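*Asks:* Sending over model.cif (mmCIF, C-alpha atoms and all ligand atoms).
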data_data
#
loop_
_atom_site.label_atom_id
_atom_site.label_comp_id
_atom_site.auth_asym_id
_atom_site.auth_seq_id
_atom_site.Cartn_x
_atom_site.Cartn_y
_atom_site.Cartn_z
CA MET A 15 9.27 -3.85 -33.86
CA THR A 16 6.68 -1.51 -35.43
CA MET A 17 6.26 1.92 -33.88
CA THR A 18 2.99 3.79 -33.45
CA THR A 19 2.74 7.53 -33.89
CA ARG A 20 2.29 7.86 -30.13
CA THR A 21 4.93 8.80 -27.59
CA SER A 22 4.90 7.85 -23.93
CA ARG A 23 6.54 9.43 -20.96
CA ALA A 24 8.09 7.15 -18.34
CA VAL A 25 10.02 7.63 -15.12
CA GLN A 26 13.35 5.83 -14.92
CA LEU A 27 15.60 5.26 -11.95
CA ALA A 28 18.56 7.56 -12.72
CA ALA A 29 20.77 6.64 -9.75
CA ARG A 30 20.63 4.42 -6.68
CA PRO A 31 20.65 6.68 -3.62
CA ASP A 32 22.66 6.02 -0.51
CA GLY A 33 19.85 6.77 1.92
CA PHE A 34 16.52 8.53 1.29
CA PRO A 35 16.10 9.32 -2.44
CA ALA A 36 16.25 12.82 -3.95
CA LEU A 37 14.42 14.04 -7.05
CA SER A 38 17.71 13.78 -8.97
CA ASP A 39 17.52 9.97 -8.57
CA PHE A 40 14.56 9.94 -11.01
CA ARG A 41 14.53 10.81 -14.72
CA LEU A 42 11.46 11.63 -16.85
CA VAL A 43 11.90 10.44 -20.45
CA GLU A 44 9.68 10.47 -23.54
CA GLN A 45 9.89 7.58 -25.99
CA PRO A 46 8.03 6.28 -29.06
CA VAL A 47 5.44 3.59 -28.36
CA SER A 48 5.72 0.28 -30.22
CA GLU A 49 2.81 -1.77 -31.58
CA PRO A 50 2.03 -4.87 -29.52
CA GLY A 51 3.59 -8.05 -30.94
CA PRO A 52 1.81 -11.44 -30.94
CA GLY A 53 0.52 -12.25 -27.45
CA GLN A 54 0.90 -8.64 -26.32
CA VAL A 55 -1.38 -5.70 -25.65
CA LEU A 56 -0.83 -1.94 -25.65
CA VAL A 57 -2.30 -0.33 -22.53
CA ARG A 58 -2.94 3.37 -22.00
CA ASN A 59 -2.47 3.73 -18.26
CA LEU A 60 -5.13 5.70 -16.42
CA TYR A 61 -3.88 5.48 -12.82
CA MET A 62 -0.82 4.06 -11.09
CA SER A 63 -0.21 3.24 -7.47
CA LEU A 64 2.37 4.86 -5.23
CA ASP A 65 3.63 2.45 -2.60
CA PRO A 66 6.31 3.00 0.07
CA GLY A 67 7.66 -0.42 -0.96
CA MET A 68 8.97 1.30 -4.11
CA LEU A 69 11.56 3.04 -1.91
CA MET A 70 12.93 -0.41 -1.05
CA GLN A 71 13.14 -1.25 -4.76
CA ILE A 72 14.90 2.06 -5.42
CA GLY A 73 17.36 1.48 -2.57
CA ALA A 74 17.71 -2.28 -3.27
CA TYR A 75 17.19 -3.14 0.41
CA PRO A 76 18.31 -6.70 1.13
CA GLY A 77 15.63 -9.35 1.71
CA ILE A 78 12.65 -7.62 0.08
CA PRO A 79 10.05 -9.70 -1.78
CA MET A 80 10.18 -7.54 -4.95
CA PRO A 81 13.09 -7.14 -7.38
CA PRO A 82 15.09 -3.89 -7.07
CA PHE A 83 14.58 -1.29 -9.80
CA VAL A 84 17.36 -1.23 -12.40
CA ILE A 85 19.26 2.03 -13.00
CA GLY A 86 18.35 3.35 -16.46
CA ASP A 87 15.11 1.34 -16.70
CA ALA A 88 11.57 2.55 -16.20
CA MET A 89 10.33 1.88 -12.69
CA SER A 90 7.27 -0.35 -12.24
CA GLY A 91 4.29 -0.90 -9.99
CA ASP A 92 0.55 -1.51 -10.05
CA ALA A 93 -1.39 0.37 -12.72
CA VAL A 94 -4.83 0.25 -14.24
CA GLY A 95 -5.44 1.19 -17.85
CA GLU A 96 -7.36 0.71 -21.05
CA VAL A 97 -6.25 -1.66 -23.82
CA VAL A 98 -5.86 0.50 -26.94
CA ALA A 99 -4.38 -2.17 -29.24
CA SER A 100 -4.36 -5.93 -28.86
CA ALA A 101 -2.54 -8.78 -30.57
CA ASP A 102 -4.09 -11.40 -28.31
CA PRO A 103 -7.62 -12.77 -28.69
CA GLY A 104 -8.04 -13.14 -24.91
CA VAL A 105 -7.72 -9.41 -24.14
CA PRO A 106 -9.89 -7.23 -26.41
CA GLU A 107 -9.36 -3.57 -27.23
CA GLY A 108 -11.30 -1.39 -24.81
CA ALA A 109 -10.82 -3.76 -21.84
CA LEU A 110 -9.88 -2.24 -18.49
CA VAL A 111 -6.86 -4.11 -17.16
CA LEU A 112 -4.77 -4.23 -14.01
CA HIS A 113 -1.06 -4.92 -14.42
CA ARG A 114 2.41 -4.17 -13.03
CA LEU A 115 3.79 -1.71 -15.62
CA GLY A 116 3.14 1.60 -13.90
CA TRP A 117 5.45 4.64 -14.03
CA ARG A 118 4.74 5.06 -17.78
CA GLU A 119 1.83 6.43 -19.78
CA TYR A 120 1.65 3.57 -22.28
CA ALA A 121 2.74 -0.01 -21.57
CA VAL A 122 3.30 -2.90 -23.96
CA ALA A 123 2.47 -5.90 -21.77
CA ALA A 124 2.23 -9.65 -22.23
CA ALA A 125 -1.47 -10.48 -22.41
CA ASP A 126 -1.06 -13.12 -19.70
CA ALA A 127 0.45 -10.50 -17.37
CA VAL A 128 -2.66 -8.31 -17.34
CA ARG A 129 -5.94 -9.03 -15.56
CA ILE A 130 -9.20 -7.84 -17.09
CA VAL A 131 -11.32 -6.06 -14.47
CA ASP A 132 -14.90 -4.81 -14.35
CA PRO A 133 -15.07 -1.07 -15.18
CA ASP A 134 -18.41 -0.76 -13.38
CA ALA A 135 -17.41 -2.40 -10.08
CA TYR A 136 -16.21 0.82 -8.44
CA PRO A 137 -16.89 4.54 -9.00
CA SER A 138 -13.28 4.98 -10.25
CA PRO A 139 -10.86 2.42 -11.74
CA SER A 140 -8.27 3.73 -9.28
CA ALA A 141 -10.04 1.69 -6.59
CA TYR A 142 -8.35 -1.42 -8.05
CA LEU A 143 -5.05 -0.02 -6.76
CA GLY A 144 -6.15 -0.01 -3.11
CA PHE A 145 -4.47 -2.15 -0.46
CA GLY A 146 -7.62 -3.69 1.01
CA LEU A 147 -6.51 -7.21 0.13
CA VAL A 148 -3.31 -6.65 2.12
CA ALA A 149 -5.33 -5.59 5.13
CA TYR A 150 -7.78 -8.49 4.74
CA ALA A 151 -5.06 -11.13 4.35
CA GLY A 152 -3.08 -9.70 7.26
CA LEU A 153 -6.07 -9.74 9.59
CA THR A 154 -7.59 -13.07 8.56
CA VAL A 155 -4.60 -15.24 7.65
CA ALA A 156 -1.51 -13.73 9.28
CA ALA A 157 -3.21 -12.64 12.52
CA GLY A 158 -6.21 -14.99 12.64
CA LEU A 159 -8.45 -12.24 14.04
CA ARG A 160 -11.26 -13.52 16.25
CA GLU A 161 -14.51 -11.83 17.22
CA GLY A 162 -14.35 -9.43 20.14
CA GLU A 163 -10.58 -8.96 20.07
CA THR A 164 -8.71 -5.65 20.43
CA VAL A 165 -6.79 -4.65 17.32
CA PHE A 166 -4.05 -2.02 17.08
CA VAL A 167 -3.15 -0.63 13.63
CA SER A 168 -0.12 1.62 12.99
CA SER A 169 -0.06 4.17 10.16
CA ALA A 170 -3.81 4.07 10.65
CA ALA A 171 -4.46 7.01 8.29
CA GLY A 172 -2.40 5.41 5.49
CA ALA A 173 -3.49 3.29 2.55
CA THR A 174 -3.34 -0.09 4.26
CA GLY A 175 -3.92 1.02 7.84
CA SER A 176 -7.09 2.97 7.11
CA LEU A 177 -8.61 -0.17 5.61
CA ALA A 178 -7.14 -2.58 8.17
CA GLY A 179 -8.88 -0.78 11.03
CA GLN A 180 -12.22 -0.61 9.27
CA ILE A 181 -12.04 -4.20 8.04
CA ALA A 182 -11.08 -5.41 11.52
CA ARG A 183 -14.27 -3.82 12.83
CA LEU A 184 -16.35 -5.35 10.02
CA LEU A 185 -14.85 -8.77 10.80
CA GLY A 186 -16.01 -8.48 14.41
CA ALA A 187 -13.15 -6.91 16.36
CA GLY A 188 -14.29 -5.66 19.76
CA ARG A 189 -12.06 -2.58 19.92
CA VAL A 190 -9.99 -0.97 17.16
CA VAL A 191 -7.24 1.54 17.97
CA GLY A 192 -4.63 3.20 15.82
CA SER A 193 -1.65 5.53 15.63
CA ALA A 194 -0.85 8.30 13.18
CA GLY A 195 1.62 11.14 12.82
CA SER A 196 -0.44 14.29 13.48
CA ALA A 197 -3.42 15.52 15.48
CA GLN A 198 -5.33 16.02 12.22
CA LYS A 199 -4.75 12.40 11.15
CA VAL A 200 -5.68 11.13 14.62
CA ARG A 201 -9.00 12.98 14.31
CA HIS A 202 -9.54 11.57 10.80
CA VAL A 203 -8.96 8.02 12.03
CA VAL A 204 -11.50 8.35 14.86
CA ASP A 205 -14.09 10.67 13.30
CA LYS A 206 -14.10 9.47 9.67
CA LEU A 207 -12.85 5.89 9.86
CA GLY A 208 -14.58 4.90 13.09
CA PHE A 209 -11.59 3.76 15.15
CA ASP A 210 -12.47 3.67 18.87
CA ALA A 211 -9.35 5.65 19.79
CA ALA A 212 -6.04 6.78 18.31
CA PHE A 213 -2.87 8.61 19.33
CA ASP A 214 0.01 10.52 17.75
CA TYR A 215 3.03 8.22 17.78
CA HIS A 216 5.34 11.20 18.34
CA ASP A 217 3.98 11.36 21.92
CA GLU A 218 6.19 9.14 24.04
CA PRO A 219 6.31 6.86 25.90
CA LEU A 220 4.47 4.70 23.39
CA THR A 221 3.67 1.94 25.88
CA ASP A 222 1.71 4.50 27.96
CA ARG A 223 -0.14 5.72 24.86
CA LEU A 224 -1.01 2.14 23.95
CA ARG A 225 -2.18 1.26 27.45
CA THR A 226 -4.41 4.34 27.45
CA VAL A 227 -6.15 3.49 24.15
CA ALA A 228 -6.20 -0.26 24.82
CA PRO A 229 -6.66 -0.64 28.59
CA ALA A 230 -7.44 -4.37 28.24
CA GLY A 231 -4.30 -4.97 26.15
CA ILE A 232 -3.87 -5.79 22.45
CA ASP A 233 -4.79 -9.13 20.90
CA VAL A 234 -3.85 -8.34 17.28
CA TYR A 235 -1.32 -5.79 16.06
CA PHE A 236 -1.37 -4.94 12.35
CA ASP A 237 2.15 -3.53 11.98
CA ASN A 238 2.85 -1.18 9.08
CA VAL A 239 5.86 0.42 10.69
CA GLY A 240 8.29 -1.73 12.70
CA GLY A 241 10.76 -0.04 15.06
CA ALA A 242 9.63 1.71 18.22
CA GLN A 243 5.91 1.01 17.73
CA LEU A 244 6.56 -2.70 17.30
CA ARG A 245 8.69 -2.78 20.44
CA ALA A 246 5.97 -0.98 22.42
CA ALA A 247 3.23 -3.23 21.05
CA VAL A 248 5.10 -6.37 22.13
CA GLU A 249 5.02 -5.02 25.69
CA VAL A 250 1.29 -4.33 25.59
CA MET A 251 0.19 -7.50 23.76
CA ASN A 252 -2.04 -9.96 25.62
CA VAL A 253 -1.10 -13.61 26.12
CA GLY A 254 -1.58 -15.48 22.83
CA GLY A 255 -1.55 -12.23 20.81
CA ARG A 256 -0.66 -12.19 17.13
CA ILE A 257 1.31 -9.56 15.24
CA ALA A 258 0.87 -9.38 11.45
CA LEU A 259 4.10 -7.84 10.13
CA CYS A 260 2.97 -5.97 7.02
CA GLY A 261 5.31 -3.02 6.47
CA ALA A 262 8.48 -1.22 7.39
CA LEU A 263 7.60 2.47 7.23
CA ALA A 264 10.13 3.43 9.91
CA ARG A 265 12.90 1.96 7.79
CA GLN A 266 11.48 3.31 4.52
CA ARG A 267 11.27 6.80 6.03
CA SER A 268 14.85 6.68 7.31
CA GLY A 269 16.29 5.82 3.89
CA GLY A 270 16.89 2.17 4.70
CA VAL A 271 18.54 2.31 8.12
CA PRO A 272 17.56 -0.90 9.98
CA ASP A 273 15.17 0.04 12.77
CA GLY A 274 16.38 -2.20 15.59
CA GLY A 275 13.63 -4.79 15.13
CA PRO A 276 11.24 -5.99 17.80
CA GLY A 277 13.80 -5.69 20.63
CA ASP A 278 13.60 -7.90 23.73
CA LEU A 279 11.96 -11.18 22.71
CA LEU A 280 11.47 -12.50 26.24
CA PRO A 281 7.86 -11.20 26.38
CA VAL A 282 7.24 -12.98 23.07
CA ILE A 283 8.05 -16.26 24.80
CA GLY A 284 6.37 -15.39 28.07
CA LYS A 285 3.13 -14.32 26.38
CA ARG A 286 3.30 -16.97 23.62
CA LEU A 287 3.04 -14.27 20.94
CA THR A 288 3.11 -14.96 17.22
CA LEU A 289 4.95 -12.52 14.93
CA ARG A 290 4.17 -13.42 11.32
CA GLY A 291 5.49 -11.62 8.27
CA PHE A 292 3.29 -11.87 5.19
CA THR A 293 3.03 -10.48 1.69
CA MET A 294 -0.10 -9.98 -0.34
CA LEU A 295 1.49 -11.95 -3.18
CA ASP A 296 0.99 -15.15 -1.16
CA HIS A 297 -2.72 -14.49 -0.71
CA LEU A 298 -3.98 -13.54 -4.17
CA ASN A 299 -6.38 -16.49 -3.91
CA LEU A 300 -8.39 -14.34 -1.49
CA ALA A 301 -8.95 -11.65 -4.14
CA PRO A 302 -12.38 -12.83 -5.41
CA GLU A 303 -13.75 -13.36 -1.89
CA PHE A 304 -12.36 -10.02 -0.72
CA GLY A 305 -13.53 -8.17 -3.84
CA ARG A 306 -17.13 -9.33 -3.21
CA ARG A 307 -17.01 -8.22 0.41
CA LEU A 308 -15.37 -4.89 -0.45
CA ARG A 309 -17.99 -4.01 -3.05
CA GLN A 310 -20.73 -4.83 -0.54
CA TRP A 311 -19.10 -2.75 2.23
CA LEU A 312 -18.62 0.22 -0.10
CA ALA A 313 -22.17 -0.06 -1.45
CA ASP A 314 -23.81 -0.13 1.98
CA GLY A 315 -21.57 2.63 3.31
CA SER A 316 -19.91 0.53 6.03
CA LEU A 317 -16.40 1.20 4.68
CA VAL A 318 -14.82 4.52 3.72
CA HIS A 319 -12.19 4.52 0.94
CA THR A 320 -9.86 7.51 1.38
CA GLU A 321 -7.82 8.34 -1.70
CA THR A 322 -5.54 11.17 -2.81
CA VAL A 323 -5.17 11.64 -6.58
CA VAL A 324 -1.93 13.28 -7.76
CA ASP A 325 -2.13 14.71 -11.26
CA GLY A 326 0.48 13.80 -13.88
CA LEU A 327 3.41 11.41 -14.18
CA GLU A 328 5.85 14.33 -13.88
CA ASN A 329 4.68 14.83 -10.29
CA ALA A 330 4.96 11.16 -9.29
CA PRO A 331 8.57 11.14 -7.96
CA GLN A 332 7.93 14.09 -5.63
CA ALA A 333 4.66 12.50 -4.52
CA LEU A 334 6.40 9.23 -3.69
CA LEU A 335 8.87 11.07 -1.46
CA ASP A 336 6.08 13.14 0.11
CA LEU A 337 3.98 10.02 0.69
CA VAL A 338 6.44 8.54 3.13
CA ARG A 339 7.00 11.93 4.77
CA GLY A 340 3.31 11.91 5.77
CA ARG A 341 1.89 14.55 3.41
CA TYR A 342 -1.14 12.52 2.36
CA THR A 343 -4.03 10.60 3.86
CA GLY A 344 -5.28 7.25 2.54
CA LYS A 345 -4.22 5.62 -0.71
CA VAL A 346 -2.18 7.77 -3.11
CA VAL A 347 -2.58 7.22 -6.85
CA VAL A 348 -1.27 9.16 -9.83
CA GLN A 349 -3.60 10.05 -12.70
CA LEU A 350 -1.67 9.55 -15.90
CA THR A 351 -3.84 10.73 -18.74
CA ARG A 352 -2.68 13.95 -20.43
N1 LIG B 401 3.15 -7.07 3.07
C1 LIG B 401 2.61 -6.62 1.94
O1 LIG B 401 2.19 -7.38 1.07
C2 LIG B 401 2.49 -5.14 1.72
C3 LIG B 401 1.66 -4.64 0.71
C4 LIG B 401 1.52 -3.26 0.59
C5 LIG B 401 2.23 -2.42 1.42
N2 LIG B 401 3.09 -2.96 2.34
C6 LIG B 401 3.85 -2.12 3.25
O2 LIG B 401 2.97 -1.70 4.27
C7 LIG B 401 3.32 -0.41 4.72
C8 LIG B 401 2.13 0.51 4.55
O3 LIG B 401 1.91 0.72 3.16
P1 LIG B 401 0.90 1.84 2.68
O4 LIG B 401 0.93 1.90 1.22
O5 LIG B 401 -0.38 1.61 3.39
O6 LIG B 401 1.60 3.12 3.23
P2 LIG B 401 1.01 4.33 4.06
O7 LIG B 401 0.66 3.87 5.42
O8 LIG B 401 -0.03 5.02 3.25
O9 LIG B 401 2.35 5.19 4.11
C9 LIG B 401 2.43 6.55 4.19
C10 LIG B 401 2.37 6.97 5.63
O10 LIG B 401 3.46 6.40 6.37
C11 LIG B 401 3.51 7.05 7.60
N3 LIG B 401 4.86 7.01 8.14
C12 LIG B 401 5.99 7.39 7.54
N4 LIG B 401 7.05 7.19 8.36
C13 LIG B 401 6.57 6.68 9.50
C14 LIG B 401 7.17 6.25 10.72
N5 LIG B 401 8.48 6.33 10.93
N6 LIG B 401 6.36 5.76 11.68
C15 LIG B 401 5.04 5.68 11.48
N7 LIG B 401 4.41 6.04 10.34
C16 LIG B 401 5.18 6.54 9.36
C17 LIG B 401 3.05 8.50 7.29
O11 LIG B 401 1.91 8.71 8.06
P3 LIG B 401 1.94 9.62 9.37
O12 LIG B 401 1.66 11.00 8.90
O13 LIG B 401 0.85 9.00 10.20
O14 LIG B 401 3.31 9.49 9.98
C18 LIG B 401 2.61 8.43 5.82
O15 LIG B 401 1.45 9.18 5.55
C19 LIG B 401 4.54 0.00 3.90
O16 LIG B 401 5.69 -0.33 4.62
C20 LIG B 401 4.41 -0.85 2.65
O17 LIG B 401 5.65 -1.05 2.02
C21 LIG B 401 3.20 -4.29 2.52
#
Take the structure from the file and write it as structure tokens.
Ligand SMILES: NC(=O)c1ccc[n+]([C@@H]2O[C@H](COP(=O)([O-])OP(=O)(O)OC[C@H]3O[C@@H](n4cnc5c(N)ncnc54)[C@H](OP(=O)(O)O)[C@@H]3O)[C@@H](O)[C@H]2O)c1
*Replies:*
Amino acid sequence: MTMTTRTSRAVQLAARPDGFPALSDFRLVEQPVSEPGPGQVLVRNLYMSLDPGMLMQIGAYPGIPMPPFVIGDAMSGDAVGEVVASADPGVPEGALVLHRLGWREYAVAAADAVRIVDPDAYPSPSAYLGFGLVAYAGLTVAAGLREGETVFVSSAAGATGSLAGQIARLLGAGRVVGSAGSAQKVRHVVDKLGFDAAFDYHDEPLTDRLRTVAPAGIDVYFDNVGGAQLRAAVEVMNVGGRIALCGALARQRSGGVPDGGPGDLLPVIGKRLTLRGFTMLDHLNLAPEFGRRLRQWLADGSLVHTETVVDGLENAPQALLDLVRGRYTGKVVVQLTR
């Protein structure tokens, strides 16, 4: 292996926590960067995604669709960067690429594991790290949203939820309501993202809050959270309602403690509800269709992309912990260039 004169910082998993991670479970290291071998490219990462799902990879929760992070190895996740050296004719130097080797400043990647993307499609390359496709697949495939229906979105100010509510509206939902964790986020969801109504999920009882914002009941619930909000939604769902099970923020926030699930399933039978788990990985075929629609919605101003940019890889572990504690609004990305 030939080394370049460059060095790259990376964040490794230092220890597997028993519960919610601490900063001491991460380690920042600096290592020499190797030249790409045949069929490989060297990517200088520009932005990487922070995703609550990474907490499940850190904690090695059972039954998750991604492999757990390995102690002593660099962590990984979606990143977008520029190819600075290539040993593959299919991926030229200078290309902007999307790949899975985040949590490091430089990545040596197999050329067939990176996807070349258009640098001019969005105002910032960080937009490629958004979770719009998750929202779109959840609404269209998992929930089968129909025109005029009432949609409830939890974590509505978050990366996926903020897009799920707006996309539901653009796909013809009749009423879009959401929940978030503070009065400020509730205002953001209604005033900036155009939800019809929203509530703070700390205000109990949740079934009353839901009945107030959705007096005609809920047809589609886009669930980012699980736990108490899922149990309340089941009670307020209309006959034939569909629940797209996207995320597990309640469990991620608690450090992995199972959240009690959807509770009493009798109303699921009585109301002929569908609860369908899904992962974006099964719906990548929708990416071109969704990408076209997203660019159109952004261009004509019908969709707002909310993003928080955290500066520097050294701040990424703290930002990941803060993300799930509710510090940010919208998608959180880390800018990696020094
Ligand atoms: N199925 C898939 O393919 C797929 C793909 C991507 C993401 N996901 C999952 O979908 C979920 C949402 O992902 P995201 O990136 O969009 O995250 P996100 O919603 O941006 O997550 C951060 C937010 O979570 C909220 N939160 C934390 N604990 C909570 C709790 N106990 N109850 C309610 N809200 C809580 C906080 O908002 P508040 O301040 O409002 O509390 C925080 O700002 C995650 O579970 C993620 O792992 C699934």
*Asks:* Neighbouring residues of Val248 (chain A) were defined as those with any atom within 10 Å, considering only C-alpha atoms; residues of the same chain fewer than 6 positions away were excluded. Please report them as a PyMOL selection string.
*Replies:* chain A and resi 221+232+235+255-257+276-282+285+287+289
*Asks:* Could you turn the residues from that selection into a file that holds C-alpha atoms, as an mmCIF file, in the frame of the given file?
*Replies:*
data_model
loop_
_atom_site.group_PDB
_atom_site.id
_atom_site.type_symbol
_atom_site.label_atom_id
_atom_site.label_comp_id
_atom_site.auth_asym_id
_atom_site.auth_seq_id
_atom_site.Cartn_x
_atom_site.Cartn_y
_atom_site.Cartn_z
ATOM 1 C CA THR A 221 3.670 1.940 25.880
ATOM 2 C CA ILE A 232 -3.870 -5.790 22.450
ATOM 3 C CA TYR A 235 -1.320 -5.790 16.060
ATOM 4 C CA GLY A 255 -1.550 -12.230 20.810
ATOM 5 C CA ARG A 256 -0.660 -12.190 17.130
ATOM 6 C CA ILE A 257 1.310 -9.560 15.240
ATOM 7 C CA PRO A 276 11.240 -5.990 17.800
ATOM 8 C CA GLY A 277 13.800 -5.690 20.630
ATOM 9 C CA ASP A 278 13.600 -7.900 23.730
ATOM 10 C CA LEU A 279 11.960 -11.180 22.710
ATOM 11 C CA LEU A 280 11.470 -12.500 26.240
ATOM 12 C CA PRO A 281 7.860 -11.200 26.380
ATOM 13 C CA VAL A 282 7.240 -12.980 23.070
ATOM 14 C CA LYS A 285 3.130 -14.320 26.380
ATOM 15 C CA LEU A 287 3.040 -14.270 20.940
ATOM 16 C CA LEU A 289 4.950 -12.520 14.930
#
*Asks:* Please return as a ChimeraX atom specification the residues found within 8 Å of ligand LIG 401 (chain B), counting only C-alpha atoms and all ligand atoms.
*Replies:* /A:64-68,70,145,148,152,168-176,193-196,199,214-215,237-241,243,259-268,291-295,337-346
*Asks:* Could you check how far CA of Pro229 (chain A) sits from CA of Ala156 (chain A), in Å to one decimal?
*Replies:* 23.9 Å
*Asks:* Rank nothing, just name the residue among A:Ala99, A:Ala123, A:Val318, A:Ala29 nearest to Gly86 (chain A), using only C-alpha atoms.
*Replies:*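 Selected residue with least distance to Gly86 (chain A): A:Ala29.
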*Asks:* Grab the CA of Glu163 (chain A) to CA of Leu184 (chain A) distance for me, in Å with one decimal place.
*Replies:*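 CA of Leu184 (chain A) lies 12.1 Å from CA of Glu163 (chain A).
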*Asks:* Report, in Å to a single decimal, how far apart CA of Val94 (chain A) and CA of Tyr61 (chain A) are.
*Replies:*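 Between CA of Tyr61 (chain A) and CA of Val94 (chain A) the gap works out to 5.5 Å.
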*Asks:* Between A:Gly116, A:Gly108, A:Pro302, A:Pro272, which is the closest to Met89 (chain A) once you count all atoms listed in the file?
*Replies:* A:Gly116
*Asks:* Using all atoms listed in the file, pick whichever of A:Val165, A:Val347, A:Val57, A:Val200 has the shortest atom-to-atom distance to Gly186 (chain A).
*Replies:*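 Using all atoms listed in the file, the shortest distance to Gly186 (chain A) belongs to A:Val165.
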*Asks:* For each of A:Gly315, A:Gly162, A:Pro82, A:Gly73, take the minimum atom-to-atom distance to Asp32 (chain A), counting all atoms listed in the file, then give the residue where this is smallest.
*Replies:*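 Going through A:Gly315, A:Gly162, A:Pro82, A:Gly73 one by one, the smallest distance to Asp32 (chain A) is for A:Gly73.
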*Asks:* Which one of A:Gly254, A:Gly305, A:Gly326, A:Gly91 sits closest to Ala141 (chain A) if you count only C-alpha atoms?
*Replies:* A:Gly305
*Asks:* Which one of A:Val167, A:Arg41, A:Ala182, A:Gly284 sits closest to Leu244 (chain A) if you count all atoms listed in the file?
*Replies:*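 Checking each candidate against Leu244 (chain A), we get A:Val167 as the closest.
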*Asks:* At a cut-off of 9 Å from (20.0, 10.4, -15.1) in the coordinates of the file, what residues are picked up using all atoms listed in the file, written as number ranges by chain?
*Replies:* A: 26-29, 38-42, 85-86
*Asks:* For Val250 (chain A), please output as a ChimeraX atom specification all residues within 9 Å (counting all atoms listed in the file; exclusion window: fewer than 2 positions along the same chain).
*Replies:* /A:221,224-225,228,231-232,246-248,252
*Asks:* Identify, on the basis of only C-alpha atoms, every residue whose closest approach to Ala101 (chain A) does not exceed 10 Å; exclude the query and any residue fewer than 5 positions from it along the same chain; express the result as a ChimeraX atom specification.
*Replies:* /A:49-56,106-107,124-125
*Asks:* Take every atom of region 251-255 of chain A listed in the file, pad by 4 Å on each side, and give me the axis-aligned box centre and edge lengths in Å, one decimal, as JSON.
*Replies:*
{"center_x": -0.9, "center_y": -11.5, "center_z": 23.5, "size_x": 10.2, "size_y": 16.0, "size_z": 13.3}
